[in-house]
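Undergrad: One file: coords_8.cif (mmCIF, C-alpha atoms; chains and numbers go by the auth columns).
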data_data
loop_
_atom_site.group_PDB
_atom_site.id
_atom_site.type_symbol
_atom_site.label_atom_id
_atom_site.label_comp_id
_atom_site.label_asym_id
_atom_site.label_seq_id
_atom_site.Cartn_x
_atom_site.Cartn_y
_atom_site.Cartn_z
_atom_site.B_iso_or_equiv
_atom_site.auth_seq_id
_atom_site.auth_asym_id
ATOM 1 C CA MET A 1 50.917 17.498 -15.455 0.00 1 A
ATOM 2 C CA LYS A 2 50.028 14.202 -13.804 0.00 2 A
ATOM 3 C CA GLN A 3 48.755 15.986 -10.670 0.00 3 A
ATOM 4 C CA LYS A 4 46.501 18.186 -12.802 0.00 4 A
ATOM 5 C CA LYS A 5 44.920 15.141 -14.510 0.00 5 A
ATOM 6 C CA THR A 6 44.423 13.454 -11.138 0.00 6 A
ATOM 7 C CA ALA A 7 42.783 16.568 -9.684 0.00 7 A
ATOM 8 C CA ILE A 8 40.442 16.843 -12.695 0.00 8 A
ATOM 9 C CA ALA A 9 39.548 13.132 -12.449 0.00 9 A
ATOM 10 C CA ILE A 10 38.767 13.466 -8.730 0.00 10 A
ATOM 11 C CA ALA A 11 36.660 16.594 -9.357 0.00 11 A
ATOM 12 C CA VAL A 12 34.680 14.845 -12.119 0.00 12 A
ATOM 13 C CA LEU A 13 34.185 11.814 -9.891 0.00 13 A
ATOM 14 C CA LEU A 14 32.936 13.963 -6.983 0.00 14 A
ATOM 15 C CA ILE A 15 30.530 15.827 -9.281 0.00 15 A
ATOM 16 C CA ALA A 16 29.209 12.520 -10.673 0.00 16 A
ATOM 17 C CA VAL A 17 28.701 11.057 -7.180 0.00 17 A
ATOM 18 C CA SER A 18 27.028 14.259 -5.958 0.00 18 A
ATOM 19 C CA GLY A 19 24.760 14.272 -9.010 0.00 19 A
ATOM 20 C CA GLY A 20 23.835 10.633 -8.421 0.00 20 A
ATOM 21 C CA ILE A 21 22.945 11.268 -4.782 0.00 21 A
ATOM 22 C CA TYR A 22 20.893 14.333 -5.728 0.00 22 A
ATOM 23 C CA PHE A 23 19.052 12.358 -8.425 0.00 23 A
ATOM 24 C CA TYR A 24 18.306 9.470 -6.053 0.00 24 A
ATOM 25 C CA TYR A 25 16.992 11.570 -3.177 0.00 25 A
ATOM 26 C CA GLY A 26 15.399 14.268 -5.325 0.00 26 A
ATOM 27 C CA PHE A 27 13.589 12.143 -7.878 0.00 27 A
ATOM 28 C CA LEU A 28 13.643 8.415 -7.151 0.00 28 A
ATOM 29 C CA PHE A 29 13.262 8.256 -3.385 0.00 29 A
ATOM 30 C CA LYS A 30 9.762 9.241 -2.295 0.00 30 A
ATOM 31 C CA GLU A 31 8.441 8.972 1.234 0.00 31 A
ATOM 32 C CA ALA A 32 5.523 6.649 1.893 0.00 32 A
ATOM 33 C CA ARG A 33 2.049 8.085 1.560 0.00 33 A
ATOM 34 C CA ASN A 34 0.245 8.964 4.763 0.00 34 A
ATOM 35 C CA ILE A 35 -3.161 7.394 4.116 0.00 35 A
ATOM 36 C CA GLU A 36 -4.501 8.636 7.458 0.00 36 A
ATOM 37 C CA THR A 37 -4.357 12.266 6.312 0.00 37 A
ATOM 38 C CA GLU A 38 -5.523 11.662 2.722 0.00 38 A
ATOM 39 C CA THR A 39 -9.121 12.160 1.685 0.00 39 A
ATOM 40 C CA PRO A 40 -10.652 8.968 0.278 0.00 40 A
ATOM 41 C CA ASP A 41 -10.854 8.628 -3.503 0.00 41 A
ATOM 42 C CA VAL A 42 -13.844 6.286 -3.164 0.00 42 A
ATOM 43 C CA SER A 43 -16.396 5.560 -0.450 0.00 43 A
ATOM 44 C CA LEU A 44 -18.360 2.307 -0.624 0.00 44 A
ATOM 45 C CA THR A 45 -19.481 -0.719 1.351 0.00 45 A
ATOM 46 C CA ALA A 46 -17.374 -3.834 1.718 0.00 46 A
ATOM 47 C CA ALA A 47 -20.113 -5.819 -0.064 0.00 47 A
ATOM 48 C CA GLN A 48 -19.909 -3.505 -3.088 0.00 48 A
ATOM 49 C CA LEU A 49 -16.126 -3.850 -3.237 0.00 49 A
ATOM 50 C CA ILE A 50 -16.367 -7.645 -2.969 0.00 50 A
ATOM 51 C CA GLU A 51 -18.957 -7.739 -5.759 0.00 51 A
ATOM 52 C CA VAL A 52 -16.771 -5.690 -8.119 0.00 52 A
ATOM 53 C CA TYR A 53 -13.680 -7.827 -7.438 0.00 53 A
ATOM 54 C CA ASN A 54 -15.624 -11.087 -7.840 0.00 54 A
ATOM 55 C CA SER A 55 -17.187 -10.028 -11.140 0.00 55 A
ATOM 56 C CA ASP A 56 -14.085 -8.538 -12.821 0.00 56 A
ATOM 57 C CA PRO A 57 -10.787 -8.367 -10.884 0.00 57 A
ATOM 58 C CA GLU A 58 -8.945 -6.530 -13.696 0.00 58 A
ATOM 59 C CA LYS A 59 -11.555 -3.780 -13.846 0.00 59 A
ATOM 60 C CA ALA A 60 -11.609 -3.561 -10.041 0.00 60 A
ATOM 61 C CA ASN A 61 -7.815 -3.191 -9.961 0.00 61 A
ATOM 62 C CA SER A 62 -7.984 -0.364 -12.480 0.00 62 A
ATOM 63 C CA LEU A 63 -10.591 1.385 -10.320 0.00 63 A
ATOM 64 C CA TYR A 64 -9.270 0.776 -6.804 0.00 64 A
ATOM 65 C CA LEU A 65 -5.631 -0.410 -6.798 0.00 65 A
ATOM 66 C CA ASN A 66 -3.340 1.967 -4.829 0.00 66 A
ATOM 67 C CA LYS A 67 -6.260 4.297 -4.152 0.00 67 A
ATOM 68 C CA THR A 68 -7.434 5.487 -0.747 0.00 68 A
ATOM 69 C CA ILE A 69 -10.770 3.808 -0.021 0.00 69 A
ATOM 70 C CA GLU A 70 -13.315 4.395 2.722 0.00 70 A
ATOM 71 C CA LEU A 71 -15.187 1.159 3.500 0.00 71 A
ATOM 72 C CA ARG A 72 -18.270 0.430 5.571 0.00 72 A
ATOM 73 C CA GLY A 73 -19.019 -3.099 6.705 0.00 73 A
ATOM 74 C CA GLN A 74 -19.400 -5.576 9.523 0.00 74 A
ATOM 75 C CA VAL A 75 -16.259 -6.717 11.327 0.00 75 A
ATOM 76 C CA THR A 76 -16.216 -10.515 11.069 0.00 76 A
ATOM 77 C CA LYS A 77 -12.687 -11.190 12.339 0.00 77 A
ATOM 78 C CA GLU A 78 -10.336 -9.232 14.559 0.00 78 A
ATOM 79 C CA ALA A 79 -6.692 -9.683 15.582 0.00 79 A
ATOM 80 C CA ASP A 80 -3.923 -7.434 16.948 0.00 80 A
ATOM 81 C CA SER A 81 -3.500 -5.256 13.878 0.00 81 A
ATOM 82 C CA VAL A 82 -5.911 -6.884 11.412 0.00 82 A
ATOM 83 C CA ILE A 83 -9.649 -6.590 10.835 0.00 83 A
ATOM 84 C CA THR A 84 -11.680 -8.542 8.292 0.00 84 A
ATOM 85 C CA LEU A 85 -14.840 -6.917 6.954 0.00 85 A
ATOM 86 C CA ASP A 86 -17.697 -9.057 5.613 0.00 86 A
ATOM 87 C CA LYS A 87 -15.421 -12.166 5.631 0.00 87 A
ATOM 88 C CA SER A 88 -13.538 -11.034 2.489 0.00 88 A
ATOM 89 C CA VAL A 89 -11.859 -7.647 3.011 0.00 89 A
ATOM 90 C CA PHE A 90 -8.543 -7.948 4.885 0.00 90 A
ATOM 91 C CA CYS A 91 -7.576 -4.629 6.518 0.00 91 A
ATOM 92 C CA LEU A 92 -4.046 -4.297 7.911 0.00 92 A
ATOM 93 C CA PHE A 93 -3.357 -1.517 10.416 0.00 93 A
ATOM 94 C CA THR A 94 -0.018 0.102 11.187 0.00 94 A
ATOM 95 C CA LYS A 95 -0.804 0.135 14.920 0.00 95 A
ATOM 96 C CA LYS A 96 -2.434 -2.327 17.280 0.00 96 A
ATOM 97 C CA ILE A 97 -6.232 -1.979 17.408 0.00 97 A
ATOM 98 C CA LYS A 98 -7.509 -0.917 20.818 0.00 98 A
ATOM 99 C CA LYS A 99 -11.281 -0.953 20.187 0.00 99 A
ATOM 100 C CA GLN A 100 -13.310 -4.148 20.247 0.00 100 A
ATOM 101 C CA LEU A 101 -15.233 -4.097 16.966 0.00 101 A
ATOM 102 C CA LEU A 102 -16.089 -7.765 16.413 0.00 102 A
ATOM 103 C CA ASN A 103 -19.633 -8.200 15.003 0.00 103 A
ATOM 104 C CA LYS A 104 -20.102 -4.424 14.848 0.00 104 A
ATOM 105 C CA ASN A 105 -20.409 -2.145 11.842 0.00 105 A
ATOM 106 C CA ALA A 106 -17.338 -0.027 11.213 0.00 106 A
ATOM 107 C CA VAL A 107 -16.065 2.590 8.797 0.00 107 A
ATOM 108 C CA LEU A 108 -12.412 2.186 7.803 0.00 108 A
ATOM 109 C CA LYS A 109 -10.030 3.981 5.487 0.00 109 A
ATOM 110 C CA GLY A 110 -7.053 2.349 3.806 0.00 110 A
ATOM 111 C CA LYS A 111 -5.049 1.823 0.625 0.00 111 A
ATOM 112 C CA CYS A 112 -6.208 -1.000 -1.636 0.00 112 A
ATOM 113 C CA ILE A 113 -3.273 -3.256 -2.500 0.00 113 A
ATOM 114 C CA GLY A 114 -5.194 -5.809 -4.558 0.00 114 A
ATOM 115 C CA TYR A 115 -6.979 -9.129 -4.557 0.00 115 A
ATOM 116 C CA ASP A 116 -5.445 -12.274 -3.089 0.00 116 A
ATOM 117 C CA GLU A 117 -6.728 -15.133 -5.250 0.00 117 A
ATOM 118 C CA LEU A 118 -5.373 -17.813 -2.915 0.00 118 A
ATOM 119 C CA PHE A 119 -7.354 -16.605 0.110 0.00 119 A
ATOM 120 C CA GLN A 120 -10.028 -14.877 -2.004 0.00 120 A
ATOM 121 C CA GLU A 121 -9.604 -11.665 -0.033 0.00 121 A
ATOM 122 C CA ILE A 122 -9.317 -8.026 -0.966 0.00 122 A
ATOM 123 C CA LYS A 123 -6.313 -6.514 0.797 0.00 123 A
ATOM 124 C CA LEU A 124 -6.057 -3.023 2.268 0.00 124 A
ATOM 125 C CA ASP A 125 -3.095 -1.685 4.223 0.00 125 A
ATOM 126 C CA GLN A 126 -2.309 1.423 6.278 0.00 126 A
ATOM 127 C CA CYS A 127 -5.895 1.309 7.547 0.00 127 A
ATOM 128 C CA THR A 128 -7.412 3.590 10.152 0.00 128 A
ATOM 129 C CA ILE A 129 -10.748 3.398 11.960 0.00 129 A
ATOM 130 C CA ILE A 130 -13.037 6.317 11.213 0.00 130 A
ATOM 131 C CA LYS A 131 -16.150 5.144 13.108 0.00 131 A
#
Could the structure of this file be written out as structure tokens, please?

TA:
Amino acid sequence: MKQKKTAIAIAVLLIAVSGGIYFYYGFLFKEARNIETETPDVSLTAAQLIEVYNSDPEKANSLYLNKTIELRGQVTKEADSVITLDKSVFCLFTKKIKKQLLNKNAVLKGKCIGYDELFQEIKLDQCTIIK
């Protein structure tokens, strides 16, 4: 009788663990978005994006936060994997940038992750150079 109860308890435990793993990997765990292959939700200039965030950050977040954005603007700062457009849009790349784009106009695509009030910059990540 005791062996039967132990076997049932082990079976219930295995089913519960299997169900938990299935739930985690099937529903909760999602792979990261691939922004490079997504079509942009919005296409605008860096100056337009800066203007919207400066006038009403809450409204801008509702429009652009976690959306794929295509931006056009002048590259004002360049580092290994970072480009700044129009002195206020911080674009973080997943790979090192090979092109020299400083003081040139560029078209970039990335995911808007919000406005940094401390540095007064709009942040984009997973950026790619289109032109």

Undergrad: Give the answer as one residue: which of A:Ser62, A:Gln3, A:Gln74, A:Asn54 has the shortest atom-to-atom distance to A:Asn105, using all atoms listed in the file?

TA: A:Gln74

Undergrad: How far is it from atom CA of A:Gly26 to atom CA of A:Cys127, in Å with one decimal?

TA: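 Atom-to-atom, atom CA of A:Gly26 and atom CA of A:Cys127 are spaced 28.1 Å apart.
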
Undergrad: Could you make a table, as a tab-separated table, of the residues of stretch 8-94 of chain A that have an atom within 8 Å of an atom of stretch 116-124 of chain A, each with its nearest atom pair and distance in Å to one decimal, counting only C-alpha atoms, in chain and number order?

TA:
residue	atom	partner	partner_atom	distance
A:Ile50	CA	A:Ile122	CA	7.3
A:Tyr53	CA	A:Ile122	CA	7.8
A:Ser88	CA	A:Glu121	CA	4.7
A:Val89	CA	A:Ile122	CA	4.7
A:Phe90	CA	A:Lys123	CA	4.9
A:Cys91	CA	A:Leu124	CA	4.8
A:Leu92	CA	A:Leu124	CA	6.1

Undergrad: Take every atom of stretch 6-14 of chain A listed in the file, pad by 3 Å on each side, and give me the axis-aligned box centre and edge lengths in Å, one decimal, as lines of an AutoDock Vina configuration file.

TA:
center_x = 38.7
center_y = 14.3
center_z = -9.8
size_x = 17.5
size_y = 11.0
size_z = 11.7

Undergrad: When the PyMOL selection byres ((chain A and resi 103) around 6) is applied to the file above, which residues end up in the set, as a compact mmCIF listing (two decimals) with C-alpha atoms, in the frame of the given file?

TA:
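So the final result, stored in selection_13.txt, reads:
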# COMPACT_ATOMS: atom_id res chain seq x y z
CA VAL A 75 -16.26 -6.72 11.33
CA THR A 76 -16.22 -10.52 11.07
CA LEU A 102 -16.09 -7.76 16.41
CA LYS A 104 -20.10 -4.42 14.85

Undergrad: Identify which of the residues A:Ile113, A:Leu101, A:Leu49, A:Leu14 lies closest to A:Lys77, counting all atoms listed in the file when measuring atom-to-atom distances.

TA: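 That would be A:Leu101, the residue with the smallest distance to A:Lys77.
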
Undergrad: Restricting the calculation to only C-alpha atoms, which member of A:Lys67, A:Lys131, A:Lys87, A:Lys98 is positioned closest to A:Asn34?

TA: A:Lys67

Undergrad: Between atom CA of A:Asp80 and atom CA of A:Leu108, what is the distance, to one decimal in Å?

TA: 15.8 Å

Undergrad: I'd like the interatomic distance between atom CA of A:Leu44 and atom CA of A:Glu58, to a tenth of an Å.

TA: 18.4 Å

Undergrad: Go through A:Glu70, A:Leu63, A:Met1, A:Ser81 and flag the residue nearest A:Ile35, using only C-alpha atoms for the distances.

TA: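 Under the stated criterion, the closest residue is A:Glu70.
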
Undergrad: Pull out every residue that the PyMOL selection byres ((chain A and resi 128) around 8) matches in the shown coordinates and put them as an NGL selection string.

TA: :A and (36 or 93 or 108-110 or 126-127 or 129-130)

Undergrad: Could you check the closest approach to A:Thr39 for each of A:Asn61, A:Ser55, A:Thr68, A:Ser18 and tell me which residue wins, using only C-alpha atoms?

TA: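 Distance minimum relative to A:Thr39 lands on A:Thr68.
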
Undergrad: Measuring between only C-alpha atoms, which one of A:Arg33, A:Lys4, A:Arg72, A:Lys99 shows the shortest distance to A:Thr45?

TA: A:Arg72
